[in-house]
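Written below as structure tokens is the structure these notes are about.
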Amino acid sequence: GNANTAAQTFTFRELASATKNFRPEFLLGEGGFGRVYKGCFENSGQTVAIKQLDRNGFQGNKEFLAEVSMLSLLHHENLVTLAGYCADGDQRLLVYEYMPMGSLEGHLLDIPADQKPLSWYTRMRIAHGAARGLEYLHEKANPPVIYRGLKSSNILLDEDFNAKLSDSGFARLGPMGNKVHVSAMVMGTDGYCAPEYARTDQLTMKSDVYSFGVVVLELITGRRVIDASKPTNQRNLVAWAMPMFRDQKRYPELVDPLLQGVYPAKGLSQAVAVAAMCLQEEASVRPLMADVVKALSFLTTAADSLPEDSVLEDE
């Protein structure tokens, strides 16, 4: 899309009609910010996701519009596109492109028996796409955006399994107002949070890189980040996996059993290396997202099937 398109304004009536008055069967999910519905505009046939923000303790109209204009300036193929908004009366709604395959989390955890697990290369393509979205926010957006809440439930998938980051990670819409960091209580419990966060209560680009490492580990293992049903030493995904990083012979133990052994050994080592780099304890030695994007770009296709003399071109 055109980089300076402002988000479109919708009336509350248009959005109510697109969701048949916010019917429960159109509910896609809910979170701390409110509810998300699937909607369809009759005249254009366009399907969208409509986020109805919780109005409790809500910021004023001016802040809401400032946030909307910030979000509408962010354009990248690995970010979910904000199509428009509604600020009628005290209603606050945001309209996004619809992501038919839902969240990455829904394709890794508790998948129904009739659903095909994601293949190794699809997983690596998702990692690469999410990394590109983060790289854009960190290095191309002006001013830079710290994502803050990266997790597999915030990585959405289109019909071709292209990854797009949902803005629930970084948008400061809703009851938080303009607090730059979310309290350690909320963030620190979900297993995606960098170790320094507990000490400093500050989220930085390097803490995003750490959270990205956790997502790569989820893609490799298909495991929950925190799983109370597992034996104590396996409850925390990072703590369980870390000791294996140093021993290449143990890498196969990390792999999601649903892959049934179908993955490239070299690709696995490289993916583990990316996760390990991102998950380093010391924030300053974690890589930049640009380096992560480059490393992952070689893992998204079966390079060994290319003729010997072909050179992998950089995009």
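Residue numbering restarts at 1 for every chain of the structure tokens, chains are lettered A, B, ... in their displayed order, and ligands are numbered from 1 as they appear.
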**OP:** Can you pull out every residue within 12 Å of Ala16 (chain A), counting only C-alpha atoms, but drop anything in the same chain fewer than 6 positions away, and send it as a PyMOL selection string?
**Re:** chain A and resi 10+22-23+26+37-42+50-52+86+91+93+95
Resulting file, chosen residues, N, CA and C atoms, as a CSV table (one decimal), in the first residue's frame:
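After the write, out_31.csv holds the following:
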```csv
chain,number,residue,atom,x,y,z
A,10,PHE,N,-14.3,4.6,10.1
A,10,PHE,CA,-15.6,3.9,10.0
A,10,PHE,C,-16.5,4.4,11.0
A,22,PHE,N,-21.9,-7.6,16.5
A,22,PHE,CA,-20.9,-8.2,17.3
A,22,PHE,C,-21.5,-9.6,17.9
A,23,ARG,N,-21.9,-10.4,17.0
A,23,ARG,CA,-22.5,-11.7,17.4
A,23,ARG,C,-21.4,-12.6,17.9
A,26,PHE,N,-18.9,-14.6,15.9
A,26,PHE,CA,-17.9,-13.9,15.1
A,26,PHE,C,-16.7,-13.5,16.0
A,37,TYR,N,-13.3,-9.3,16.6
A,37,TYR,CA,-14.4,-10.0,15.9
A,37,TYR,C,-14.0,-10.1,14.4
A,38,LYS,N,-14.5,-11.1,13.8
A,38,LYS,CA,-14.4,-11.2,12.3
A,38,LYS,C,-15.6,-10.4,11.7
A,39,GLY,N,-15.3,-9.6,10.7
A,39,GLY,CA,-16.3,-8.8,10.1
A,39,GLY,C,-16.3,-8.9,8.6
A,40,CYS,N,-17.4,-8.6,8.0
A,40,CYS,CA,-17.4,-8.6,6.5
A,40,CYS,C,-18.2,-7.4,6.1
A,41,PHE,N,-17.6,-6.6,5.2
A,41,PHE,CA,-18.3,-5.4,4.7
A,41,PHE,C,-19.1,-5.9,3.4
A,42,GLU,N,-20.4,-5.8,3.5
A,42,GLU,CA,-21.3,-6.4,2.5
A,42,GLU,C,-21.0,-5.7,1.1
A,50,ILE,N,-12.0,-6.9,13.5
A,50,ILE,CA,-12.4,-5.7,14.2
A,50,ILE,C,-12.1,-5.8,15.7
A,51,LYS,N,-11.2,-4.9,16.2
A,51,LYS,CA,-10.9,-5.0,17.6
A,51,LYS,C,-11.7,-3.9,18.4
A,52,GLN,N,-12.5,-4.4,19.3
A,52,GLN,CA,-13.3,-3.5,20.1
A,52,GLN,C,-12.6,-3.3,21.4
A,86,CYS,N,-12.6,3.5,14.4
A,86,CYS,CA,-13.8,4.2,14.7
A,86,CYS,C,-13.7,4.8,16.1
A,91,GLN,N,-17.0,5.0,21.7
A,91,GLN,CA,-16.5,3.7,21.1
A,91,GLN,C,-15.1,3.9,20.6
A,93,LEU,N,-12.7,1.5,18.2
A,93,LEU,CA,-12.5,0.2,17.5
A,93,LEU,C,-11.4,0.4,16.5
A,95,VAL,N,-9.7,-1.5,12.9
A,95,VAL,CA,-10.0,-2.5,11.9
A,95,VAL,C,-8.7,-2.9,11.2
```
**OP:** Considering only C-alpha atoms, return as a PyMOL selection string whatever protein or nucleic-acid residues lie within 10 Å of Pro195 (chain A), sequence-local ones (same chain, fewer than 2 positions apart) excluded.
**Re:** chain A and resi 188+191-193+197-200+207+210+279-283
Write out the residues from the selection above, keeping C-alpha atoms, as a short mmCIF file (atom, residue, chain, number, x, y, z; two decimals), in the first residue's frame.
```cif
data_model
loop_
_atom_site.label_atom_id
_atom_site.label_comp_id
_atom_site.auth_asym_id
_atom_site.auth_seq_id
_atom_site.Cartn_x
_atom_site.Cartn_y
_atom_site.Cartn_z
CA GLY A 188 7.73 -11.55 33.69
CA GLY A 191 8.51 -17.11 29.94
CA TYR A 192 9.18 -14.79 26.98
CA CYS A 193 10.79 -12.09 29.06
CA TYR A 197 13.83 -7.15 32.63
CA ALA A 198 13.21 -8.45 36.13
CA ARG A 199 16.13 -6.31 37.34
CA THR A 200 15.65 -3.11 35.35
CA SER A 207 14.73 -7.77 25.14
CA TYR A 210 15.47 -12.44 23.51
CA LEU A 279 18.78 -16.06 24.24
CA GLN A 280 22.15 -15.00 25.62
CA GLU A 281 21.98 -13.83 29.22
CA GLU A 282 24.01 -10.69 28.49
CA ALA A 283 21.77 -8.32 26.49
#
```
Give me, as a tab-separated table, the closest atom pair and its distance (Å, one decimal) for every residue of region 68-99 of chain A within a cut-off of 9 Å of region 138-149 of chain A, counting only C-alpha atoms, rows sorted by chain and rising number.
```
residue	atom	partner	partner_atom	distance
A:Leu73	CA	A:Ala141	CA	8.7
A:Leu74	CA	A:Ala141	CA	6.9
A:His75	CA	A:Ala141	CA	8.8
```
Saved selection, atoms kept: N, CA and C atoms, as an mmCIF file, in the first residue's frame:
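Done, and the output landed in again.cif:
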```cif
data_model
loop_
_atom_site.group_PDB
_atom_site.id
_atom_site.type_symbol
_atom_site.label_atom_id
_atom_site.label_comp_id
_atom_site.auth_asym_id
_atom_site.auth_seq_id
_atom_site.Cartn_x
_atom_site.Cartn_y
_atom_site.Cartn_z
ATOM 1 N N LEU A 73 1.199 4.663 10.155
ATOM 2 C CA LEU A 73 2.426 4.980 9.413
ATOM 3 C C LEU A 73 3.347 3.776 9.282
ATOM 4 N N LEU A 74 3.050 2.716 10.023
ATOM 5 C CA LEU A 74 3.907 1.534 9.971
ATOM 6 C C LEU A 74 3.406 0.620 8.861
ATOM 7 N N HIS A 75 4.208 0.474 7.817
ATOM 8 C CA HIS A 75 3.797 -0.380 6.699
ATOM 9 C C HIS A 75 4.882 -1.380 6.400
#
```
**OP:** Would you please work out which residue, of A:Leu237, A:Ala290, A:Leu165, A:Ile155, is nearest to Asp190 (chain A) when using only C-alpha atoms?
**Re:** A:Leu237
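For the choices A:Ser69, A:Asn21, A:Asn61, A:Ser152, the atom-to-atom distance to Lys164 (chain A) is smallest for A:Ser152 when using only C-alpha atoms.
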Original post:
At what distance in Å, to one decimal, does CA of Val272 (chain A) lie from CA of Leu258 (chain A)?
Top reply: 17.7 Å
Original post:
Where does DSSP see strand (DSSP E) in region 53-284 of chain A, if you list the residues as an NGL selection string?
Top reply: :A and (53 or 82-86 or 93-97 or 155-157 or 163-165)
Original post:
Contacts of Leu150 (chain A) at 7 Å or less, counting only C-alpha atoms, minus same-chain residues fewer than 4 places along, as a ChimeraX atom specification?
Top reply: /A:154,169,208,211-212
